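Asks: For reference, the structure I am asking about is given below.
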Amino acid sequence: MDYREYAKDLLARKKNLVSAYSSLKAELECLESEKTACKTAISNLDEADAEHKIYEERLINILADIDDCRFRRSVVERELLKIEKGMNGLTDYQKDLIEGFFIEKTIGIADDLMERWYKERSSLYRDRTRALDTFTRSVYGVLQL
């Protein structure tokens, strides 16, 4: 099992994870306000009223949706935290390599990095491999099993 592949996949998903976190946060806020509205409607109605039961069922569904949303947000947070912890152990040069080659995947990134860091192409690619290895060890603890 090569954990470098897992690390590459994690890095490739970083933009999507950031977007998902923002989306889940907004969804959770909407669900919380909907929950408050349902509770208010329930408190304003008599238990014998037919709408009371409808609002109670809706509240149960909203609570289930909130639990699901919180779970999905925690998964995304955990993945983003892994990336953050892995990036913290890298130098600025290594961070540029990781971001350019694995997160952004910009065309011509090697040329840009060679110019920015005054490196030859072969040393750039060798350093990219080392940076990925360092990131992988920081996140997963091992490279291979």
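Chain labels follow the order of the structure tokens: the first chain is A, the next B, and so on; residue numbering restarts at 1 in every chain, and ligands are counted from 1 in their shown order.
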Give me, as JSON lines, each residue of region 75-118 of chain A that comes within 9 Å of region 127-141 of chain A, together with its shortest interatomic pair and the distance in Å at one decimal, counting only C-alpha atoms, with rows ordered by chain and rising residue number.

Replies:
{"residue": "A:Lys82", "atom": "CA", "partner": "A:Val139", "partner_atom": "CA", "distance": 5.9}
{"residue": "A:Ile83", "atom": "CA", "partner": "A:Val139", "partner_atom": "CA", "distance": 7.4}
{"residue": "A:Lys85", "atom": "CA", "partner": "A:Val139", "partner_atom": "CA", "distance": 6.8}
{"residue": "A:Gly86", "atom": "CA", "partner": "A:Phe135", "partner_atom": "CA", "distance": 4.9}
{"residue": "A:Met87", "atom": "CA", "partner": "A:Phe135", "partner_atom": "CA", "distance": 6.5}
{"residue": "A:Asn88", "atom": "CA", "partner": "A:Ser138", "partner_atom": "CA", "distance": 8.8}
{"residue": "A:Gly89", "atom": "CA", "partner": "A:Ser138", "partner_atom": "CA", "distance": 7.0}
{"residue": "A:Leu90", "atom": "CA", "partner": "A:Phe135", "partner_atom": "CA", "distance": 7.2}
{"residue": "A:Thr91", "atom": "CA", "partner": "A:Ala131", "partner_atom": "CA", "distance": 8.8}
{"residue": "A:Tyr93", "atom": "CA", "partner": "A:Ala131", "partner_atom": "CA", "distance": 8.9}
{"residue": "A:Gln94", "atom": "CA", "partner": "A:Ala131", "partner_atom": "CA", "distance": 5.4}
{"residue": "A:Lys95", "atom": "CA", "partner": "A:Ala131", "partner_atom": "CA", "distance": 7.8}
{"residue": "A:Leu97", "atom": "CA", "partner": "A:Arg128", "partner_atom": "CA", "distance": 5.8}
{"residue": "A:Ile98", "atom": "CA", "partner": "A:Leu132", "partner_atom": "CA", "distance": 6.9}
{"residue": "A:Phe101", "atom": "CA", "partner": "A:Arg128", "partner_atom": "CA", "distance": 7.9}

Asks: Could you please take those selected residues and save N, CA and C atoms as a compact mmCIF listing (two decimals), in the first residue's frame?

Replies:
# COMPACT_ATOMS: atom_id res chain seq x y z
N LYS A 82 -5.81 17.40 7.99
CA LYS A 82 -4.69 16.57 7.53
C LYS A 82 -3.80 17.36 6.58
N ILE A 83 -4.42 18.06 5.64
CA ILE A 83 -3.65 18.84 4.68
C ILE A 83 -2.87 19.93 5.39
N LYS A 85 -1.87 20.07 8.54
CA LYS A 85 -0.78 19.50 9.34
C LYS A 85 0.38 19.06 8.45
N GLY A 86 0.06 18.47 7.31
CA GLY A 86 1.09 18.04 6.39
C GLY A 86 1.87 19.20 5.80
N MET A 87 1.17 20.29 5.51
CA MET A 87 1.82 21.47 4.93
C MET A 87 2.67 22.23 5.96
N ASN A 88 2.30 22.12 7.24
CA ASN A 88 3.05 22.82 8.29
C ASN A 88 4.48 22.32 8.41
N GLY A 89 4.73 21.09 8.04
CA GLY A 89 6.08 20.53 8.16
C GLY A 89 6.97 20.81 6.97
N LEU A 90 6.49 21.61 6.02
CA LEU A 90 7.25 21.87 4.80
C LEU A 90 7.84 23.27 4.79
N THR A 91 8.92 23.41 4.04
CA THR A 91 9.50 24.74 3.82
C THR A 91 8.66 25.47 2.77
N TYR A 93 9.59 26.53 -0.08
CA TYR A 93 9.91 25.92 -1.38
C TYR A 93 9.11 24.64 -1.58
N GLN A 94 9.08 23.80 -0.57
CA GLN A 94 8.34 22.54 -0.66
C GLN A 94 6.84 22.80 -0.79
N LYS A 95 6.33 23.81 -0.08
CA LYS A 95 4.92 24.17 -0.19
C LYS A 95 4.59 24.60 -1.62
N LEU A 97 6.11 23.65 -4.30
CA LEU A 97 6.13 22.45 -5.13
C LEU A 97 4.83 21.66 -4.98
N ILE A 98 4.41 21.45 -3.75
CA ILE A 98 3.18 20.70 -3.50
C ILE A 98 1.97 21.41 -4.11
N PHE A 101 2.30 21.37 -8.16
CA PHE A 101 2.21 20.08 -8.84
C PHE A 101 1.00 19.25 -8.46

Asks: Considering only C-alpha atoms, return as a list in words whatever protein or nucleic-acid residues lie within 12 Å of Asp112 (chain A), sequence-local ones (same chain, fewer than 3 positions apart) excluded.

Replies: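 Once the nearby chain positions are removed, what remains is Asp96, Leu97, Gly100, Phe101, Thr106, Ile107, Gly108, Ile109, Glu115, Arg116, Trp117, Tyr118, Lys119, Glu120, Arg121 and Leu124 of chain A.
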
Asks: Excluding same-chain residues fewer than 3 positions from region 63-69 of chain A, what lies within 9 Å of it counting only C-alpha atoms, as a ChimeraX atom specification?

Replies: /A:24-25,27-28,31-32,35,58-60,72-74

Asks: Name the residues in contact with Gln144 (chain A) at a cut-off of 10 Å, using only C-alpha atoms, excluding same-chain residues fewer than 6 positions from it; report them as a VMD selection string.

Replies: chain A and resid 1 to 5 136 to 137

Asks: State, in Å with one decimal place, the distance from CA of Thr36 (chain A) to CA of Ala50 (chain A).

Replies: 19.6 Å

Asks: Please indicate the distance in Å from CA of Asn44 (chain A) to CA of Arg70 (chain A), rounded to one decimal place.

Replies: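 Spanning CA of Asn44 (chain A) to CA of Arg70 (chain A) is a straight-line distance of 28.4 Å.
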
Asks: Would you work out the distance separating CA of Arg126 (chain A) from CA of Leu10 (chain A), expressed in Å to one decimal?

Replies: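 Distance between the two atoms: 20.7 Å.
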
Asks: Tell me, which residues of chain A carry DSSP helix (DSSP H, G or I), written as a PyMOL selection string?

Replies: chain A and resi 3-12+14-44+50-88+92-104+109-117+121-140
